[in-house]
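One structure below.
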Amino acid sequence: KVTFDEDANGQVRGLSWKSWSPHRSNPGRAGEKTELTKIGAEKLEFTEEHITCRNGDVTIGGTLILPKGTGRSPVVIVTPGDYGTNRNQLRLWAHNYVSRGIAAFVFDSRGAGASTGSVGANSFSDLANDVLACVQALKARPEIEPRGIGLFGFSNSAWTVSLAASRSSDVPFLILQSFVAVMPWKQEVFRAETQLRVDGFSDAIVSKCAD
């Protein structure tokens with residue numbers, strides 16, 4: 001059961017979530033239920049603005065999400081991989097930062113949403129420079145602390161943000177999730193070999209992958 005909590009003006013300020021299960025500890029109490037969980041959540045207050053960044057002839061479309069309050073805020077750039085990812089798919093990470101008073105910037109990867117360019121036809125260098133174009137655009141924003149612009153990458157984009165940070169002193173911190181601590185080509189060889197085994201190819205065929 002989900003209940004939306006409203007204020008005196010009818011505005012939703014949060015919700016309550018309860019779940020039950022049939023009463024199992026005492027069969028004689030058939031029909032009764034045991035409360036399993038009770039969760040409360042407050043509505044996240046924020047503002048957002050659409051922003052475009054330029055990397056050469058490529059335009060990157062994104063959204064800056066700002067926590068409620070005044071003054072300059074640090075910001076985390078939530079970075080997609082090179083797979084036509086729309087910025088709205090990244091909001092679950094962005095809202096996590098905003099709920100803690102940290103701004104977040106989400107953007108469409110090349111070839112998706114408002115971003116130009118092609119999907120799957122870019123080097124890590126290209127994508128890293130897209131991120132750095134976003135860094136420069138955010139540095140100029142009056143709401144952003146220019147020395148507090150960090151990068152978040154997951155899986156494929158962990159390589160992207162690591163490369164971007166190595167190229168710029170304007171990036172003071174990284175947050176990496178599900179990253180691989182080897183060079184991309186080594187990870188790709190591992191992936192190809194593993195997929196061949198799953199598909200039932202012989203060891204003789206698999207061994208050629210590393211060659």
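Letters for chains follow the order of the structure tokens (A, B, ...), residue numbers begin at 1 for each chain, and ligand numbers begin at 1 in the order shown.
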
Inset, instruction - For Ala192 (chain A), please output as a count of residues only all residues within 12 Å (counting only C-alpha atoms; exclusion window: fewer than 5 positions along the same chain). - result: 14

Inset, instruction - List the neighbours of region 173-178 of chain A out to 8 Å using only C-alpha atoms; skip same-chain residues closer than 6 positions along the sequence, and give me the result as a VMD selection string. - result: chain A and resid 149 to 155 158 161 to 162 165

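Counting only C-alpha atoms and comparing A:Glu143, A:Gly84, A:Lys43, A:Val135, the residue that lies closest to Ala121 (chain A) is A:Gly84.
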
Close residues, Asp5 (chain A) itself excluded, 8 Å, only C-alpha atoms, min 6 positions apart in chain, as a PDB file with C-alpha atoms, in the first residue's frame:
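Output (around16.pdb):
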```pdb
ATOM      1  CA  VAL A  12       2.651  16.019  -2.434  1.00  0.00           C
ATOM      2  CA  ARG A  13       5.588  16.130   0.004  1.00  0.00           C
ATOM      3  CA  GLY A  14       6.407  12.449   0.300  1.00  0.00           C
ATOM      4  CA  LEU A  15       5.035   8.949   0.372  1.00  0.00           C
ATOM      5  CA  SER A  16       4.677   5.994   2.701  1.00  0.00           C
TER       6      SER A  16
END
```

Legend entry - alpha helix (DSSP H) call set, DSSP backbone run, chain A, as a ChimeraX atom specification: /A:91-98,124-139,156-167,184-198,203-209

Inset, instruction - Write out as a ChimeraX atom specification which residues come within 12 Å of Ser123 (chain A) when counting only C-alpha atoms, dropping same-chain ones fewer than 6 positions away. - result: /A:81-82,110,129-130,156-157,159-160,163,184

Restricted to C-alpha atoms, what would the selected residues look like written as an mmCIF file, in the first residue's frame?
```cif
data_model
loop_
_atom_site.group_PDB
_atom_site.id
_atom_site.type_symbol
_atom_site.label_atom_id
_atom_site.label_comp_id
_atom_site.auth_asym_id
_atom_site.auth_seq_id
_atom_site.Cartn_x
_atom_site.Cartn_y
_atom_site.Cartn_z
ATOM 1 C CA GLY A 81 28.710 4.990 -22.388
ATOM 2 C CA ASP A 82 28.854 5.074 -26.186
ATOM 3 C CA ARG A 110 26.459 10.936 -29.014
ATOM 4 C CA ASN A 129 36.678 15.297 -24.788
ATOM 5 C CA ASP A 130 32.869 15.427 -24.731
ATOM 6 C CA ASN A 156 32.294 1.455 -20.109
ATOM 7 C CA SER A 157 32.201 5.126 -19.107
ATOM 8 C CA TRP A 159 37.338 4.441 -18.811
ATOM 9 C CA THR A 160 35.959 7.609 -20.383
ATOM 10 C CA LEU A 163 40.890 9.470 -19.409
ATOM 11 C CA PRO A 184 40.250 -1.748 -22.441
#
```

DSSP on the backbone: what in region 3-131 of chain A comes out strand (DSSP E), as a JSON list (two decimals) with N, CA, C and O atoms, in the first residue's frame?
```json
[["chain", "number", "residue", "atom", "x", "y", "z"],
["A", 3, "THR", "N", 0.87, 5.38, 0.12],
["A", 3, "THR", "CA", 0.09, 6.56, 0.47],
["A", 3, "THR", "C", 0.91, 7.81, 0.20],
["A", 3, "THR", "O", 2.05, 7.92, 0.66],
["A", 4, "PHE", "N", 0.35, 8.73, -0.57],
["A", 4, "PHE", "CA", 1.02, 9.99, -0.84],
["A", 4, "PHE", "C", 0.67, 10.98, 0.26],
["A", 4, "PHE", "O", -0.50, 11.16, 0.59],
["A", 5, "ASP", "N", 1.69, 11.60, 0.83],
["A", 5, "ASP", "CA", 1.50, 12.55, 1.91],
["A", 5, "ASP", "C", 1.43, 13.96, 1.35],
["A", 5, "ASP", "O", 2.36, 14.41, 0.66],
["A", 6, "GLU", "N", 0.36, 14.65, 1.63],
["A", 6, "GLU", "CA", 0.15, 15.99, 1.11],
["A", 6, "GLU", "C", 0.16, 17.03, 2.23],
["A", 6, "GLU", "O", -0.17, 16.72, 3.38],
["A", 12, "VAL", "N", 2.03, 17.25, -2.90],
["A", 12, "VAL", "CA", 2.65, 16.02, -2.43],
["A", 12, "VAL", "C", 4.04, 16.32, -1.88],
["A", 12, "VAL", "O", 4.87, 16.94, -2.55],
["A", 13, "ARG", "N", 4.30, 15.89, -0.64],
["A", 13, "ARG", "CA", 5.59, 16.13, 0.00],
["A", 13, "ARG", "C", 6.36, 14.85, 0.28],
["A", 13, "ARG", "O", 7.52, 14.89, 0.69],
["A", 14, "GLY", "N", 5.73, 13.72, 0.06],
["A", 14, "GLY", "CA", 6.41, 12.45, 0.30],
["A", 14, "GLY", "C", 5.44, 11.30, 0.12],
["A", 14, "GLY", "O", 4.30, 11.49, -0.34],
["A", 15, "LEU", "N", 5.90, 10.11, 0.46],
["A", 15, "LEU", "CA", 5.04, 8.95, 0.37],
["A", 15, "LEU", "C", 5.41, 7.95, 1.44],
["A", 15, "LEU", "O", 6.52, 7.96, 1.98],
["A", 16, "SER", "N", 4.46, 7.09, 1.76],
["A", 16, "SER", "CA", 4.68, 5.99, 2.70],
["A", 16, "SER", "C", 4.38, 4.68, 1.98],
["A", 16, "SER", "O", 3.40, 4.58, 1.24],
["A", 17, "TRP", "N", 5.24, 3.70, 2.21],
["A", 17, "TRP", "CA", 5.12, 2.41, 1.54],
["A", 17, "TRP", "C", 5.05, 1.32, 2.60],
["A", 17, "TRP", "O", 5.92, 1.23, 3.44],
["A", 18, "LYS", "N", 4.00, 0.51, 2.55],
["A", 18, "LYS", "CA", 3.84, -0.61, 3.48],
["A", 18, "LYS", "C", 3.59, -1.88, 2.68],
["A", 18, "LYS", "O", 2.91, -1.86, 1.65],
["A", 19, "SER", "N", 4.15, -2.98, 3.15],
["A", 19, "SER", "CA", 3.84, -4.27, 2.53],
["A", 19, "SER", "C", 3.56, -5.29, 3.62],
["A", 19, "SER", "O", 4.09, -5.21, 4.73],
["A", 20, "TRP", "N", 2.70, -6.26, 3.30],
["A", 20, "TRP", "CA", 2.30, -7.30, 4.25],
["A", 20, "TRP", "C", 2.44, -8.66, 3.60],
["A", 20, "TRP", "O", 2.53, -8.80, 2.38],
["A", 21, "SER", "N", 2.46, -9.69, 4.43],
["A", 21, "SER", "CA", 2.41, -11.07, 3.95],
["A", 21, "SER", "C", 1.43, -11.83, 4.83],
["A", 21, "SER", "O", 1.15, -11.42, 5.96],
["A", 22, "PRO", "N", 0.87, -12.96, 4.33],
["A", 22, "PRO", "CA", -0.02, -13.77, 5.18],
["A", 22, "PRO", "C", 0.67, -14.18, 6.46],
["A", 22, "PRO", "O", 1.88, -14.42, 6.50],
["A", 33, "LYS", "N", -2.56, -10.72, 8.44],
["A", 33, "LYS", "CA", -1.31, -10.45, 7.72],
["A", 33, "LYS", "C", -0.28, -9.84, 8.66],
["A", 33, "LYS", "O", -0.62, -9.20, 9.66],
["A", 34, "THR", "N", 0.98, -10.08, 8.33],
["A", 34, "THR", "CA", 2.10, -9.53, 9.09],
["A", 34, "THR", "C", 2.74, -8.40, 8.29],
["A", 34, "THR", "O", 3.05, -8.57, 7.11],
["A", 35, "GLU", "N", 2.94, -7.26, 8.96],
["A", 35, "GLU", "CA", 3.59, -6.15, 8.27],
["A", 35, "GLU", "C", 5.07, -6.46, 8.09],
["A", 35, "GLU", "O", 5.78, -6.78, 9.04],
["A", 36, "LEU", "N", 5.54, -6.38, 6.86],
["A", 36, "LEU", "CA", 6.94, -6.69, 6.55],
["A", 36, "LEU", "C", 7.80, -5.43, 6.51],
["A", 36, "LEU", "O", 8.88, -5.38, 7.08],
["A", 37, "THR", "N", 7.33, -4.44, 5.78],
["A", 37, "THR", "CA", 8.14, -3.22, 5.64],
["A", 37, "THR", "C", 7.26, -1.99, 5.77],
["A", 37, "THR", "O", 6.07, -2.01, 5.45],
["A", 38, "LYS", "N", 7.89, -0.94, 6.24],
["A", 38, "LYS", "CA", 7.24, 0.36, 6.30],
["A", 38, "LYS", "C", 8.30, 1.40, 5.98],
["A", 38, "LYS", "O", 9.26, 1.58, 6.73],
["A", 39, "ILE", "N", 8.14, 2.05, 4.85],
["A", 39, "ILE", "CA", 9.17, 2.96, 4.36],
["A", 39, "ILE", "C", 8.55, 4.33, 4.12],
["A", 39, "ILE", "O", 7.45, 4.45, 3.57],
["A", 40, "GLY", "N", 9.24, 5.35, 4.54],
["A", 40, "GLY", "CA", 8.81, 6.72, 4.27],
["A", 40, "GLY", "C", 9.83, 7.43, 3.40],
["A", 40, "GLY", "O", 11.03, 7.19, 3.53],
["A", 41, "ALA", "N", 9.38, 8.28, 2.51],
["A", 41, "ALA", "CA", 10.29, 9.02, 1.63],
["A", 41, "ALA", "C", 9.75, 10.42, 1.43],
["A", 41, "ALA", "O", 8.54, 10.62, 1.27],
["A", 42, "GLU", "N", 10.65, 11.40, 1.45],
["A", 42, "GLU", "CA", 10.25, 12.78, 1.22],
["A", 42, "GLU", "C", 10.50, 13.15, -0.24],
["A", 42, "GLU", "O", 11.40, 12.63, -0.89],
["A", 46, "PHE", "N", 14.16, 20.18, -6.28],
["A", 46, "PHE", "CA", 15.28, 20.58, -7.13],
["A", 46, "PHE", "C", 14.78, 21.44, -8.28],
["A", 46, "PHE", "O", 13.58, 21.53, -8.55],
["A", 47, "THR", "N", 15.72, 22.10, -8.95],
["A", 47, "THR", "CA", 15.44, 22.81, -10.19],
["A", 47, "THR", "C", 16.35, 22.25, -11.27],
["A", 47, "THR", "O", 17.39, 21.65, -10.96],
["A", 48, "GLU", "N", 15.97, 22.41, -12.50],
["A", 48, "GLU", "CA", 16.83, 21.90, -13.58],
["A", 48, "GLU", "C", 16.77, 22.82, -14.79],
["A", 48, "GLU", "O", 15.82, 23.57, -14.98],
["A", 49, "GLU", "N", 17.84, 22.74, -15.59],
["A", 49, "GLU", "CA", 17.95, 23.58, -16.78],
["A", 49, "GLU", "C", 18.67, 22.79, -17.88],
["A", 49, "GLU", "O", 19.65, 22.10, -17.62],
["A", 50, "HIS", "N", 18.15, 22.90, -19.10],
["A", 50, "HIS", "CA", 18.78, 22.25, -20.23],
["A", 50, "HIS", "C", 19.98, 23.07, -20.70],
["A", 50, "HIS", "O", 19.89, 24.30, -20.82],
["A", 51, "ILE", "N", 21.09, 22.40, -20.96],
["A", 51, "ILE", "CA", 22.34, 23.06, -21.35],
["A", 51, "ILE", "C", 22.92, 22.31, -22.55],
["A", 51, "ILE", "O", 22.81, 21.08, -22.64],
["A", 52, "THR", "N", 23.56, 23.04, -23.45],
["A", 52, "THR", "CA", 24.29, 22.40, -24.55],
["A", 52, "THR", "C", 25.77, 22.73, -24.44],
["A", 52, "THR", "O", 26.14, 23.83, -24.01],
["A", 53, "CYS", "N", 26.60, 21.77, -24.80],
["A", 53, "CYS", "CA", 28.05, 21.93, -24.77],
["A", 53, "CYS", "C", 28.57, 21.57, -26.16],
["A", 53, "CYS", "O", 27.96, 20.77, -26.88],
["A", 54, "ARG", "N", 29.71, 22.13, -26.52],
["A", 54, "ARG", "CA", 30.27, 21.89, -27.85],
["A", 54, "ARG", "C", 31.66, 21.27, -27.74],
["A", 54, "ARG", "O", 32.52, 21.74, -27.01],
["A", 55, "ASN", "N", 31.85, 20.19, -28.50],
["A", 55, "ASN", "CA", 33.17, 19.57, -28.66],
["A", 55, "ASN", "C", 33.43, 19.49, -30.15],
["A", 55, "ASN", "O", 32.96, 18.57, -30.82],
["A", 58, "VAL", "N", 30.57, 18.54, -32.68],
["A", 58, "VAL", "CA", 29.58, 17.75, -31.96],
["A", 58, "VAL", "C", 28.92, 18.58, -30.87],
["A", 58, "VAL", "O", 29.60, 19.27, -30.09],
["A", 59, "THR", "N", 27.60, 18.53, -30.82],
["A", 59, "THR", "CA", 26.83, 19.21, -29.77],
["A", 59, "THR", "C", 26.35, 18.19, -28.76],
["A", 59, "THR", "O", 25.81, 17.14, -29.13],
["A", 60, "ILE", "N", 26.57, 18.47, -27.49],
["A", 60, "ILE", "CA", 26.14, 17.60, -26.40],
["A", 60, "ILE", "C", 24.99, 18.27, -25.66],
["A", 60, "ILE", "O", 25.14, 19.38, -25.16],
["A", 61, "GLY", "N", 23.85, 17.60, -25.61],
["A", 61, "GLY", "CA", 22.70, 18.13, -24.90],
["A", 61, "GLY", "C", 22.58, 17.49, -23.53],
["A", 61, "GLY", "O", 22.67, 16.27, -23.39],
["A", 62, "GLY", "N", 22.41, 18.32, -22.50],
["A", 62, "GLY", "CA", 22.33, 17.79, -21.14],
["A", 62, "GLY", "C", 21.39, 18.58, -20.25],
["A", 62, "GLY", "O", 20.81, 19.60, -20.67],
["A", 63, "THR", "N", 21.25, 18.13, -19.02],
["A", 63, "THR", "CA", 20.40, 18.79, -18.04],
["A", 63, "THR", "C", 21.17, 18.96, -16.74],
["A", 63, "THR", "O", 21.72, 17.99, -16.21],
["A", 64, "LEU", "N", 21.21, 20.19, -16.25],
["A", 64, "LEU", "CA", 21.82, 20.48, -14.96],
["A", 64, "LEU", "C", 20.72, 20.44, -13.91],
["A", 64, "LEU", "O", 19.72, 21.15, -14.01],
["A", 65, "ILE", "N", 20.90, 19.59, -12.90],
["A", 65, "ILE", "CA", 19.91, 19.42, -11.83],
["A", 65, "ILE", "C", 20.52, 19.99, -10.55],
["A", 65, "ILE", "O", 21.56, 19.51, -10.09],
["A", 66, "LEU", "N", 19.87, 21.00, -9.98],
["A", 66, "LEU", "CA", 20.40, 21.70, -8.83],
["A", 66, "LEU", "C", 19.57, 21.43, -7.58],
["A", 66, "LEU", "O", 18.34, 21.46, -7.63],
["A", 67, "PRO", "N", 20.23, 21.15, -6.46],
["A", 67, "PRO", "CA", 19.49, 20.95, -5.21],
["A", 67, "PRO", "C", 18.88, 22.25, -4.74],
["A", 67, "PRO", "O", 19.31, 23.34, -5.12],
["A", 73, "SER", "N", 27.38, 25.26, -5.77],
["A", 73, "SER", "CA", 27.31, 23.85, -5.39],
["A", 73, "SER", "C", 28.34, 23.04, -6.16],
["A", 73, "SER", "O", 28.61, 23.32, -7.34],
["A", 74, "PRO", "N", 28.94, 22.04, -5.53],
["A", 74, "PRO", "CA", 29.74, 21.09, -6.31],
["A", 74, "PRO", "C", 28.81, 20.33, -7.24],
["A", 74, "PRO", "O", 27.60, 20.29, -7.03],
["A", 75, "VAL", "N", 29.35, 19.73, -8.26],
["A", 75, "VAL", "CA", 28.52, 19.02, -9.24],
["A", 75, "VAL", "C", 29.21, 17.73, -9.68],
["A", 75, "VAL", "O", 30.44, 17.67, -9.76],
["A", 76, "VAL", "N", 28.41, 16.71, -9.93],
["A", 76, "VAL", "CA", 28.91, 15.45, -10.47],
["A", 76, "VAL", "C", 28.35, 15.29, -11.88],
["A", 76, "VAL", "O", 27.13, 15.37, -12.08],
["A", 77, "ILE", "N", 29.22, 15.08, -12.85],
["A", 77, "ILE", "CA", 28.80, 14.81, -14.23],
["A", 77, "ILE", "C", 28.60, 13.30, -14.38],
["A", 77, "ILE", "O", 29.56, 12.53, -14.28],
["A", 78, "VAL", "N", 27.36, 12.89, -14.56],
["A", 78, "VAL", "CA", 27.04, 11.47, -14.71],
["A", 78, "VAL", "C", 27.21, 11.11, -16.18],
["A", 78, "VAL", "O", 26.47, 11.59, -17.04],
["A", 79, "THR", "N", 28.18, 10.28, -16.47],
["A", 79, "THR", "CA", 28.65, 10.07, -17.84],
["A", 79, "THR", "C", 28.14, 8.76, -18.44],
["A", 79, "THR", "O", 28.36, 7.69, -17.87],
["A", 103, "ALA", "N", 24.88, 19.09, -6.84],
["A", 103, "ALA", "CA", 24.28, 19.19, -8.17],
["A", 103, "ALA", "C", 24.72, 18.02, -9.04],
["A", 103, "ALA", "O", 25.75, 17.39, -8.78],
["A", 104, "ALA", "N", 23.95, 17.76, -10.08],
["A", 104, "ALA", "CA", 24.31, 16.68, -11.02],
["A", 104, "ALA", "C", 24.03, 17.16, -12.44],
["A", 104, "ALA", "O", 23.11, 17.94, -12.68],
["A", 105, "PHE", "N", 24.86, 16.67, -13.35],
["A", 105, "PHE", "CA", 24.67, 16.98, -14.77],
["A", 105, "PHE", "C", 24.57, 15.67, -15.52],
["A", 105, "PHE", "O", 25.45, 14.81, -15.43],
["A", 106, "VAL", "N", 23.47, 15.47, -16.23],
["A", 106, "VAL", "CA", 23.28, 14.28, -17.05],
["A", 106, "VAL", "C", 23.20, 14.72, -18.51],
["A", 106, "VAL", "O", 22.66, 15.80, -18.81],
["A", 107, "PHE", "N", 23.74, 13.91, -19.41],
["A", 107, "PHE", "CA", 23.70, 14.31, -20.81],
["A", 107, "PHE", "C", 23.48, 13.11, -21.72],
["A", 107, "PHE", "O", 23.75, 11.96, -21.36]]
```

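The space between CA of Val131 (chain A) and CA of Glu188 (chain A) spans 22.9 Å.
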
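Take the candidates A:Arg191, A:Arg91, A:Lys68, A:Lys139 and check each one against Glu45 (chain A) using only C-alpha atoms; the shortest distance goes to A:Lys68.
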
Inset, instruction - Could you check which of A:Pro80, A:Arg87, A:Gly56, A:Asn96 is closest to Asp126 (chain A), using only C-alpha atoms? - result: A:Gly56

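Closest approach to Pro146 (chain A) among A:Val171, A:Trp93, A:Asn122, A:Ala128: A:Val171, based on only C-alpha atoms.
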
Inset, instruction - Quote the spacing between CA of Gly111 (chain A) and CA of Asp170 (chain A) in Å to one decimal place. - result: 26.4 Å

Inset, instruction - Quick one: pull the distance between CA of Leu132 (chain A) and CA of Val182 (chain A), Å, one decimal. - result: 22.7 Å

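Nearest-residue note for Cys134 (chain A): choosing from A:Phe190, A:Gly101, A:Thr70, A:Ser109, the minimum distance belongs to A:Ser109, counting only C-alpha atoms.
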